[in-house]
$ cat model-v4.cif   # mmCIF, N, CA, C and O atoms
data_work
loop_
_atom_site.group_PDB
_atom_site.id
_atom_site.type_symbol
_atom_site.label_atom_id
_atom_site.label_comp_id
_atom_site.auth_asym_id
_atom_site.auth_seq_id
_atom_site.Cartn_x
_atom_site.Cartn_y
_atom_site.Cartn_z
ATOM 1 N N MET A 30 137.151 88.046 143.533
ATOM 2 C CA MET A 30 138.272 88.971 143.398
ATOM 3 C C MET A 30 138.334 89.843 144.655
ATOM 4 O O MET A 30 137.337 90.396 145.090
ATOM 5 N N ASP A 31 139.501 89.934 145.217
ATOM 6 C CA ASP A 31 139.724 90.763 146.393
ATOM 7 C C ASP A 31 140.159 92.157 145.941
ATOM 8 O O ASP A 31 141.300 92.360 145.523
ATOM 9 N N LEU A 32 139.251 93.115 145.990
ATOM 10 C CA LEU A 32 139.557 94.463 145.500
ATOM 11 C C LEU A 32 140.593 95.180 146.358
ATOM 12 O O LEU A 32 141.368 95.984 145.844
ATOM 13 N N LYS A 33 140.626 94.875 147.638
ATOM 14 C CA LYS A 33 141.649 95.492 148.492
ATOM 15 C C LYS A 33 143.044 95.025 148.080
ATOM 16 O O LYS A 33 143.980 95.813 148.028
ATOM 17 N N GLU A 34 143.163 93.741 147.792
ATOM 18 C CA GLU A 34 144.450 93.199 147.347
ATOM 19 C C GLU A 34 144.835 93.793 145.991
ATOM 20 O O GLU A 34 145.984 94.167 145.768
ATOM 21 N N LEU A 35 143.875 93.878 145.078
ATOM 22 C CA LEU A 35 144.135 94.464 143.766
ATOM 23 C C LEU A 35 144.608 95.913 143.896
ATOM 24 O O LEU A 35 145.545 96.334 143.225
ATOM 25 N N LYS A 36 143.984 96.653 144.786
ATOM 26 C CA LYS A 36 144.377 98.050 145.015
ATOM 27 C C LYS A 36 145.828 98.123 145.488
ATOM 28 O O LYS A 36 146.603 98.961 145.008
ATOM 29 N N GLU A 37 146.214 97.260 146.387
ATOM 30 C CA GLU A 37 147.586 97.265 146.904
ATOM 31 C C GLU A 37 148.592 96.882 145.820
ATOM 32 O O GLU A 37 149.673 97.448 145.730
ATOM 33 N N VAL A 38 148.235 95.911 144.992
ATOM 34 C CA VAL A 38 149.124 95.481 143.915
ATOM 35 C C VAL A 38 149.295 96.593 142.885
ATOM 36 O O VAL A 38 150.364 96.767 142.294
ATOM 37 N N ALA A 39 148.237 97.367 142.645
ATOM 38 C CA ALA A 39 148.272 98.416 141.627
ATOM 39 C C ALA A 39 149.035 99.666 142.063
ATOM 40 O O ALA A 39 149.509 100.421 141.211
ATOM 41 N N LYS A 40 149.175 99.895 143.340
ATOM 42 C CA LYS A 40 149.825 101.126 143.819
ATOM 43 C C LYS A 40 151.208 101.359 143.221
ATOM 44 O O LYS A 40 151.503 102.470 142.774
ATOM 45 N N PRO A 41 152.106 100.355 143.159
ATOM 46 C CA PRO A 41 153.423 100.608 142.551
ATOM 47 C C PRO A 41 153.341 100.961 141.066
ATOM 48 O O PRO A 41 154.128 101.765 140.568
ATOM 49 N N LEU A 42 152.377 100.386 140.349
ATOM 50 C CA LEU A 42 152.216 100.715 138.930
ATOM 51 C C LEU A 42 151.733 102.149 138.743
ATOM 52 O O LEU A 42 152.216 102.864 137.864
ATOM 53 N N VAL A 43 150.800 102.566 139.570
ATOM 54 C CA VAL A 43 150.317 103.949 139.499
ATOM 55 C C VAL A 43 151.451 104.912 139.830
ATOM 56 O O VAL A 43 151.644 105.920 139.149
ATOM 57 N N LYS A 44 152.240 104.582 140.843
ATOM 58 C CA LYS A 44 153.383 105.425 141.207
ATOM 59 C C LYS A 44 154.374 105.514 140.052
ATOM 60 O O LYS A 44 154.860 106.601 139.713
ATOM 61 N N TYR A 45 154.666 104.383 139.425
ATOM 62 C CA TYR A 45 155.581 104.366 138.290
ATOM 63 C C TYR A 45 155.065 105.253 137.159
ATOM 64 O O TYR A 45 155.811 106.050 136.588
ATOM 65 N N LEU A 46 153.795 105.110 136.841
ATOM 66 C CA LEU A 46 153.212 105.882 135.754
ATOM 67 C C LEU A 46 153.261 107.375 136.054
ATOM 68 O O LEU A 46 153.599 108.187 135.198
ATOM 69 N N ARG A 47 152.962 107.757 137.278
ATOM 70 C CA ARG A 47 153.005 109.183 137.665
ATOM 71 C C ARG A 47 154.412 109.751 137.591
ATOM 72 O O ARG A 47 154.600 110.905 137.221
ATOM 73 N N GLU A 48 155.404 108.954 137.942
ATOM 74 C CA GLU A 48 156.780 109.457 138.001
ATOM 75 C C GLU A 48 157.524 109.361 136.663
ATOM 76 O O GLU A 48 158.475 110.110 136.445
ATOM 77 N N ASN A 49 157.124 108.459 135.770
ATOM 78 C CA ASN A 49 157.922 108.194 134.578
ATOM 79 C C ASN A 49 157.233 108.421 133.244
ATOM 80 O O ASN A 49 157.898 108.405 132.218
ATOM 81 N N GLU A 50 155.965 108.590 133.239
ATOM 82 C CA GLU A 50 155.248 108.694 131.975
ATOM 83 C C GLU A 50 154.479 110.016 131.929
ATOM 84 O O GLU A 50 154.555 110.819 132.836
ATOM 85 N N ASN A 51 153.742 110.229 130.858
ATOM 86 C CA ASN A 51 152.982 111.466 130.743
ATOM 87 C C ASN A 51 151.507 111.212 131.053
ATOM 88 O O ASN A 51 151.057 110.071 131.090
ATOM 89 N N PRO A 52 150.710 112.268 131.275
ATOM 90 C CA PRO A 52 149.319 112.076 131.693
ATOM 91 C C PRO A 52 148.407 111.490 130.619
ATOM 92 O O PRO A 52 147.253 111.215 130.881
ATOM 93 N N HIS A 53 148.919 111.277 129.415
ATOM 94 C CA HIS A 53 148.110 110.723 128.344
ATOM 95 C C HIS A 53 148.342 109.217 128.175
ATOM 96 O O HIS A 53 147.927 108.637 127.188
ATOM 97 N N GLN A 54 149.012 108.610 129.134
ATOM 98 C CA GLN A 54 149.306 107.188 129.040
ATOM 99 C C GLN A 54 148.548 106.397 130.097
ATOM 100 O O GLN A 54 148.213 106.912 131.159
ATOM 101 N N LYS A 55 148.307 105.130 129.780
ATOM 102 C CA LYS A 55 147.627 104.215 130.687
ATOM 103 C C LYS A 55 148.375 102.888 130.701
ATOM 104 O O LYS A 55 149.084 102.560 129.761
ATOM 105 N N ILE A 56 148.178 102.139 131.777
ATOM 106 C CA ILE A 56 148.734 100.795 131.877
ATOM 107 C C ILE A 56 147.600 99.797 131.670
ATOM 108 O O ILE A 56 146.546 99.922 132.284
ATOM 109 N N ILE A 57 147.836 98.831 130.789
ATOM 110 C CA ILE A 57 146.877 97.747 130.573
ATOM 111 C C ILE A 57 147.581 96.442 130.947
ATOM 112 O O ILE A 57 148.661 96.149 130.444
ATOM 113 N N ILE A 58 146.948 95.691 131.829
ATOM 114 C CA ILE A 58 147.522 94.437 132.311
ATOM 115 C C ILE A 58 146.577 93.298 131.957
ATOM 116 O O ILE A 58 145.370 93.397 132.192
ATOM 117 N N ASP A 59 147.130 92.226 131.380
ATOM 118 C CA ASP A 59 146.350 91.011 131.176
ATOM 119 C C ASP A 59 147.174 89.828 131.685
ATOM 120 O O ASP A 59 148.202 90.026 132.333
ATOM 121 N N GLN A 60 146.736 88.639 131.390
ATOM 122 C CA GLN A 60 147.411 87.447 131.904
ATOM 123 C C GLN A 60 148.794 87.217 131.315
ATOM 124 O O GLN A 60 149.580 86.453 131.862
ATOM 125 N N MET A 61 149.108 87.880 130.203
ATOM 126 C CA MET A 61 150.363 87.630 129.508
ATOM 127 C C MET A 61 151.323 88.813 129.475
ATOM 128 O O MET A 61 152.499 88.642 129.166
ATOM 129 N N SER A 62 150.826 90.038 129.754
ATOM 130 C CA SER A 62 151.707 91.182 129.558
ATOM 131 C C SER A 62 151.237 92.420 130.317
ATOM 132 O O SER A 62 150.124 92.467 130.838
ATOM 133 N N VAL A 63 152.135 93.379 130.346
ATOM 134 C CA VAL A 63 151.831 94.725 130.843
ATOM 135 C C VAL A 63 152.144 95.675 129.698
ATOM 136 O O VAL A 63 153.226 95.618 129.116
ATOM 137 N N LYS A 64 151.188 96.522 129.350
ATOM 138 C CA LYS A 64 151.377 97.465 128.249
ATOM 139 C C LYS A 64 151.187 98.879 128.752
ATOM 140 O O LYS A 64 150.313 99.140 129.566
ATOM 141 N N ILE A 65 152.014 99.794 128.262
ATOM 142 C CA ILE A 65 151.808 101.216 128.483
ATOM 143 C C ILE A 65 151.355 101.782 127.146
ATOM 144 O O ILE A 65 152.077 101.688 126.156
ATOM 145 N N VAL A 66 150.145 102.316 127.108
ATOM 146 C CA VAL A 66 149.580 102.839 125.868
ATOM 147 C C VAL A 66 149.400 104.342 125.988
ATOM 148 O O VAL A 66 149.203 104.883 127.072
ATOM 149 N N SER A 67 149.467 105.011 124.856
ATOM 150 C CA SER A 67 149.382 106.458 124.834
ATOM 151 C C SER A 67 148.233 106.909 123.940
ATOM 152 O O SER A 67 148.003 106.337 122.869
ATOM 153 N N TYR A 68 147.525 107.896 124.406
ATOM 154 C CA TYR A 68 146.466 108.523 123.624
ATOM 155 C C TYR A 68 146.935 109.918 123.272
ATOM 156 O O TYR A 68 147.076 110.781 124.135
ATOM 157 N N ASP A 69 147.191 110.143 121.994
ATOM 158 C CA ASP A 69 147.682 111.452 121.562
ATOM 159 C C ASP A 69 146.577 112.489 121.480
ATOM 160 O O ASP A 69 146.814 113.675 121.650
ATOM 161 N N VAL A 70 145.363 112.022 121.213
ATOM 162 C CA VAL A 70 144.239 112.942 121.113
ATOM 163 C C VAL A 70 143.107 112.407 121.979
ATOM 164 O O VAL A 70 142.728 111.237 121.878
ATOM 165 N N PHE A 71 142.571 113.263 122.821
ATOM 166 C CA PHE A 71 141.428 112.905 123.652
ATOM 167 C C PHE A 71 140.455 114.066 123.604
ATOM 168 O O PHE A 71 140.786 115.181 123.988
ATOM 169 N N ILE A 72 139.272 113.801 123.115
ATOM 170 C CA ILE A 72 138.253 114.840 123.027
ATOM 171 C C ILE A 72 137.028 114.334 123.777
ATOM 172 O O ILE A 72 136.334 113.424 123.300
ATOM 173 N N PRO A 73 136.732 114.885 124.947
ATOM 174 C CA PRO A 73 135.550 114.429 125.680
ATOM 175 C C PRO A 73 134.279 114.835 124.927
ATOM 176 O O PRO A 73 134.194 115.928 124.382
ATOM 177 N N VAL A 74 133.314 113.944 124.906
ATOM 178 C CA VAL A 74 132.060 114.255 124.231
ATOM 179 C C VAL A 74 131.003 114.761 125.199
ATOM 180 O O VAL A 74 129.965 115.255 124.797
ATOM 181 N N LYS A 75 131.294 114.655 126.472
ATOM 182 C CA LYS A 75 130.377 115.152 127.503
ATOM 183 C C LYS A 75 131.194 115.887 128.545
ATOM 184 O O LYS A 75 132.230 115.404 128.993
ATOM 185 N N GLU A 76 130.725 117.044 128.926
ATOM 186 C CA GLU A 76 131.439 117.825 129.925
ATOM 187 C C GLU A 76 131.352 117.119 131.277
ATOM 188 O O GLU A 76 130.310 116.566 131.648
ATOM 189 N N ILE A 77 132.461 117.120 131.998
ATOM 190 C CA ILE A 77 132.512 116.475 133.304
ATOM 191 C C ILE A 77 131.757 117.334 134.312
ATOM 192 O O ILE A 77 131.965 118.541 134.410
ATOM 193 N N GLU A 78 130.863 116.688 135.069
ATOM 194 C CA GLU A 78 130.095 117.408 136.073
ATOM 195 C C GLU A 78 130.960 117.660 137.294
ATOM 196 O O GLU A 78 131.717 116.804 137.708
ATOM 197 N N LYS A 79 130.847 118.841 137.852
ATOM 198 C CA LYS A 79 131.644 119.189 139.043
ATOM 199 C C LYS A 79 130.824 119.126 140.288
ATOM 200 O O LYS A 79 129.681 119.257 140.345
#
$ encode --input "model-v4.cif" --output "C-alpha coordinates"
Amino acid sequence: MDLKELKEVAKPLVKYLRENENPHQKIIIDQMSVKIVSYDVFIPVKEIEK
(Lines of atoms letter the chains of each structure in order from A and count residues from 1; the text may use other names and numbers.)
(Lines give C-alpha, C1' and ligand atoms only; values in the text may rest on other atoms or scores of the structure.)
Protein backbone atom coordinates (compact mmCIF):
# COMPACT_ATOMS: atom_id res chain seq x y z
CA MET A 1 0.00 0.00 0.00
CA ASP A 2 1.34 3.40 -0.98
CA LEU A 3 0.54 5.66 1.98
CA LYS A 4 1.52 8.81 0.11
CA GLU A 5 -0.99 7.99 -2.62
CA LEU A 6 -3.66 7.16 -0.03
CA LYS A 7 -3.03 10.50 1.68
CA GLU A 8 -3.51 12.37 -1.60
CA VAL A 9 -6.70 10.47 -2.43
CA ALA A 10 -8.12 11.19 1.04
CA LYS A 11 -7.53 14.96 0.97
CA PRO A 12 -10.73 15.80 -1.00
CA LEU A 13 -12.81 13.65 1.37
CA VAL A 14 -11.36 15.36 4.43
CA LYS A 15 -12.02 18.75 2.82
CA TYR A 16 -15.60 17.75 2.05
CA LEU A 17 -16.19 16.55 5.60
CA ARG A 18 -14.76 19.76 7.10
CA GLU A 19 -16.86 21.99 4.86
CA ASN A 20 -20.17 20.09 4.81
CA GLU A 21 -20.57 17.96 7.89
CA ASN A 22 -20.28 18.33 11.64
CA PRO A 23 -17.29 17.38 13.85
CA HIS A 24 -19.08 14.27 15.13
CA GLN A 25 -19.08 12.56 11.74
CA LYS A 26 -16.59 10.26 10.05
CA ILE A 27 -16.16 8.81 6.58
CA ILE A 28 -15.85 5.04 6.23
CA ILE A 29 -14.71 3.68 2.87
CA ASP A 30 -14.68 0.05 1.78
CA GLN A 31 -14.58 -1.74 -1.56
CA MET A 32 -18.29 -1.21 -2.18
CA SER A 33 -19.29 2.12 -0.64
CA VAL A 34 -18.56 5.39 1.10
CA LYS A 35 -20.45 6.03 4.33
CA ILE A 36 -20.75 9.13 6.48
CA VAL A 37 -21.49 8.05 10.04
CA SER A 38 -22.38 10.17 13.03
CA TYR A 39 -21.62 9.70 16.70
CA ASP A 40 -24.15 11.55 18.81
CA VAL A 41 -22.44 10.74 22.09
CA PHE A 42 -18.71 10.45 22.66
CA ILE A 43 -17.33 10.02 26.14
CA PRO A 44 -13.55 9.56 26.35
CA VAL A 45 -12.51 7.04 28.97
CA LYS A 46 -8.95 8.34 29.17
CA GLU A 47 -7.87 11.94 29.26
CA ILE A 48 -5.82 12.99 26.25
CA GLU A 49 -2.21 13.72 27.13
CA LYS A 50 -0.95 17.15 26.10
$ atom_distance --input "model-v4.cif" --atom1 "atom CA of His53 of chain A" --atom2 "atom N of Ile72 of chain A"
10.7 Å
$ atom_distance --input "model-v4.cif" --atom1 "atom CA of Tyr68 of chain A" --atom2 "atom CA of Glu50 of chain A"
12.1 Å
$ resolve_selection --input "model-v4.cif" --expression "the PyMOL selection byres ((chain A and resi 66) around 7)" --output "PyMOL selection string"
chain A and resi 51+53-57+64-65+67-68
$ select_by_dssp --input "model-v4.cif" --residues "chain A" --states "alpha helix (DSSP H)" --output "list in words"
Leu32, Lys33, Glu34, Leu35, Lys36, Glu37, Val38, Ala39, Lys40, Pro41, Leu42, Val43, Lys44, Tyr45, Leu46, Arg47, Glu48 and Asn49 of chain A
$ closest_residue --input "model-v4.cif" --among "A:Glu34, A:Ala39, A:Glu76, A:Arg47" --to "Val63 of chain A" --atoms "only C-alpha atoms"
A:Ala39
$ select_by_dssp --input "model-v4.cif" --residues "chain A" --states "strand (DSSP E or B)" --output "list in words"
Gln54, Lys55, Ile56, Ile57, Ile58, Val63, Lys64, Ile65, Val66 and Ser67 of chain A
$ atom_distance --input "model-v4.cif" --atom1 "atom C of Asn49 of chain A" --atom2 "atom C of Glu37 of chain A"
19.1 Å
$ closest_residue --input "model-v4.cif" --among "A:Met30, A:Val43, A:Lys36, A:Pro52" --to "Phe71 of chain A" --atoms "only C-alpha atoms"
A:Pro52
$ build_atoms --input "model-v4.cif" --residues "segment 61-72 of chain A" --atoms "all heavy atoms" --output "PDB file, in the frame of the given file"
ATOM      1  N   MET A  61     149.108  87.880 130.203  1.00  0.00           N
ATOM      2  CA  MET A  61     150.363  87.630 129.508  1.00  0.00           C
ATOM      3  C   MET A  61     151.323  88.813 129.475  1.00  0.00           C
ATOM      4  O   MET A  61     152.499  88.642 129.166  1.00  0.00           O
ATOM      5  CB  MET A  61     150.075  87.209 128.061  1.00  0.00           C
ATOM      6  CG  MET A  61     149.238  85.956 127.941  1.00  0.00           C
ATOM      7  SD  MET A  61     150.041  84.494 128.600  1.00  0.00           S
ATOM      8  CE  MET A  61     151.318  84.262 127.401  1.00  0.00           C
ATOM      9  N   SER A  62     150.826  90.038 129.754  1.00  0.00           N
ATOM     10  CA  SER A  62     151.707  91.182 129.558  1.00  0.00           C
ATOM     11  C   SER A  62     151.237  92.420 130.317  1.00  0.00           C
ATOM     12  O   SER A  62     150.124  92.467 130.838  1.00  0.00           O
ATOM     13  CB  SER A  62     151.779  91.528 128.065  1.00  0.00           C
ATOM     14  OG  SER A  62     150.509  91.951 127.610  1.00  0.00           O
ATOM     15  N   VAL A  63     152.135  93.379 130.346  1.00  0.00           N
ATOM     16  CA  VAL A  63     151.831  94.725 130.843  1.00  0.00           C
ATOM     17  C   VAL A  63     152.144  95.675 129.698  1.00  0.00           C
ATOM     18  O   VAL A  63     153.226  95.618 129.116  1.00  0.00           O
ATOM     19  CB  VAL A  63     152.702  95.082 132.072  1.00  0.00           C
ATOM     20  CG1 VAL A  63     152.459  96.506 132.509  1.00  0.00           C
ATOM     21  CG2 VAL A  63     152.447  94.114 133.209  1.00  0.00           C
ATOM     22  N   LYS A  64     151.188  96.522 129.350  1.00  0.00           N
ATOM     23  CA  LYS A  64     151.377  97.465 128.249  1.00  0.00           C
ATOM     24  C   LYS A  64     151.187  98.879 128.752  1.00  0.00           C
ATOM     25  O   LYS A  64     150.313  99.140 129.566  1.00  0.00           O
ATOM     26  CB  LYS A  64     150.355  97.206 127.133  1.00  0.00           C
ATOM     27  CG  LYS A  64     150.417  95.843 126.541  1.00  0.00           C
ATOM     28  CD  LYS A  64     149.260  95.639 125.591  1.00  0.00           C
ATOM     29  CE  LYS A  64     149.230  94.180 125.205  1.00  0.00           C
ATOM     30  NZ  LYS A  64     147.925  93.590 125.344  1.00  0.00           N
ATOM     31  N   ILE A  65     152.014  99.794 128.262  1.00  0.00           N
ATOM     32  CA  ILE A  65     151.808 101.216 128.483  1.00  0.00           C
ATOM     33  C   ILE A  65     151.355 101.782 127.146  1.00  0.00           C
ATOM     34  O   ILE A  65     152.077 101.688 126.156  1.00  0.00           O
ATOM     35  CB  ILE A  65     153.078 101.922 128.981  1.00  0.00           C
ATOM     36  CG1 ILE A  65     153.485 101.343 130.340  1.00  0.00           C
ATOM     37  CG2 ILE A  65     152.846 103.424 129.080  1.00  0.00           C
ATOM     38  CD1 ILE A  65     154.762 101.901 130.899  1.00  0.00           C
ATOM     39  N   VAL A  66     150.145 102.316 127.108  1.00  0.00           N
ATOM     40  CA  VAL A  66     149.580 102.839 125.868  1.00  0.00           C
ATOM     41  C   VAL A  66     149.400 104.342 125.988  1.00  0.00           C
ATOM     42  O   VAL A  66     149.203 104.883 127.072  1.00  0.00           O
ATOM     43  CB  VAL A  66     148.253 102.156 125.498  1.00  0.00           C
ATOM     44  CG1 VAL A  66     148.460 100.692 125.218  1.00  0.00           C
ATOM     45  CG2 VAL A  66     147.230 102.341 126.590  1.00  0.00           C
ATOM     46  N   SER A  67     149.467 105.011 124.856  1.00  0.00           N
ATOM     47  CA  SER A  67     149.382 106.458 124.834  1.00  0.00           C
ATOM     48  C   SER A  67     148.233 106.909 123.940  1.00  0.00           C
ATOM     49  O   SER A  67     148.003 106.337 122.869  1.00  0.00           O
ATOM     50  CB  SER A  67     150.691 107.038 124.299  1.00  0.00           C
ATOM     51  OG  SER A  67     150.606 108.433 124.237  1.00  0.00           O
ATOM     52  N   TYR A  68     147.525 107.896 124.406  1.00  0.00           N
ATOM     53  CA  TYR A  68     146.466 108.523 123.624  1.00  0.00           C
ATOM     54  C   TYR A  68     146.935 109.918 123.272  1.00  0.00           C
ATOM     55  O   TYR A  68     147.076 110.781 124.135  1.00  0.00           O
ATOM     56  CB  TYR A  68     145.171 108.606 124.434  1.00  0.00           C
ATOM     57  CG  TYR A  68     144.608 107.249 124.756  1.00  0.00           C
ATOM     58  CD1 TYR A  68     144.918 106.607 125.947  1.00  0.00           C
ATOM     59  CD2 TYR A  68     143.778 106.606 123.853  1.00  0.00           C
ATOM     60  CE1 TYR A  68     144.408 105.362 126.230  1.00  0.00           C
ATOM     61  CE2 TYR A  68     143.263 105.354 124.136  1.00  0.00           C
ATOM     62  CZ  TYR A  68     143.573 104.737 125.326  1.00  0.00           C
ATOM     63  OH  TYR A  68     143.072 103.502 125.608  1.00  0.00           O
ATOM     64  N   ASP A  69     147.191 110.143 121.994  1.00  0.00           N
ATOM     65  CA  ASP A  69     147.682 111.452 121.562  1.00  0.00           C
ATOM     66  C   ASP A  69     146.577 112.489 121.480  1.00  0.00           C
ATOM     67  O   ASP A  69     146.814 113.675 121.650  1.00  0.00           O
ATOM     68  CB  ASP A  69     148.379 111.335 120.214  1.00  0.00           C
ATOM     69  CG  ASP A  69     149.630 110.474 120.304  1.00  0.00           C
ATOM     70  OD1 ASP A  69     150.289 110.497 121.359  1.00  0.00           O
ATOM     71  OD2 ASP A  69     149.935 109.779 119.328  1.00  0.00           O
ATOM     72  N   VAL A  70     145.363 112.022 121.213  1.00  0.00           N
ATOM     73  CA  VAL A  70     144.239 112.942 121.113  1.00  0.00           C
ATOM     74  C   VAL A  70     143.107 112.407 121.979  1.00  0.00           C
ATOM     75  O   VAL A  70     142.728 111.237 121.878  1.00  0.00           O
ATOM     76  CB  VAL A  70     143.749 113.075 119.648  1.00  0.00           C
ATOM     77  CG1 VAL A  70     142.535 113.970 119.567  1.00  0.00           C
ATOM     78  CG2 VAL A  70     144.866 113.588 118.763  1.00  0.00           C
ATOM     79  N   PHE A  71     142.571 113.263 122.821  1.00  0.00           N
ATOM     80  CA  PHE A  71     141.428 112.905 123.652  1.00  0.00           C
ATOM     81  C   PHE A  71     140.455 114.066 123.604  1.00  0.00           C
ATOM     82  O   PHE A  71     140.786 115.181 123.988  1.00  0.00           O
ATOM     83  CB  PHE A  71     141.862 112.641 125.098  1.00  0.00           C
ATOM     84  CG  PHE A  71     140.692 112.389 126.016  1.00  0.00           C
ATOM     85  CD1 PHE A  71     140.037 111.170 125.986  1.00  0.00           C
ATOM     86  CD2 PHE A  71     140.256 113.363 126.884  1.00  0.00           C
ATOM     87  CE1 PHE A  71     138.966 110.933 126.829  1.00  0.00           C
ATOM     88  CE2 PHE A  71     139.186 113.131 127.729  1.00  0.00           C
ATOM     89  CZ  PHE A  71     138.541 111.915 127.706  1.00  0.00           C
ATOM     90  N   ILE A  72     139.272 113.801 123.115  1.00  0.00           N
ATOM     91  CA  ILE A  72     138.253 114.840 123.027  1.00  0.00           C
ATOM     92  C   ILE A  72     137.028 114.334 123.777  1.00  0.00           C
ATOM     93  O   ILE A  72     136.334 113.424 123.300  1.00  0.00           O
ATOM     94  CB  ILE A  72     137.884 115.147 121.554  1.00  0.00           C
ATOM     95  CG1 ILE A  72     139.135 115.586 120.796  1.00  0.00           C
ATOM     96  CG2 ILE A  72     136.787 116.198 121.494  1.00  0.00           C
ATOM     97  CD1 ILE A  72     138.929 115.678 119.307  1.00  0.00           C
TER      98      ILE A  72
END
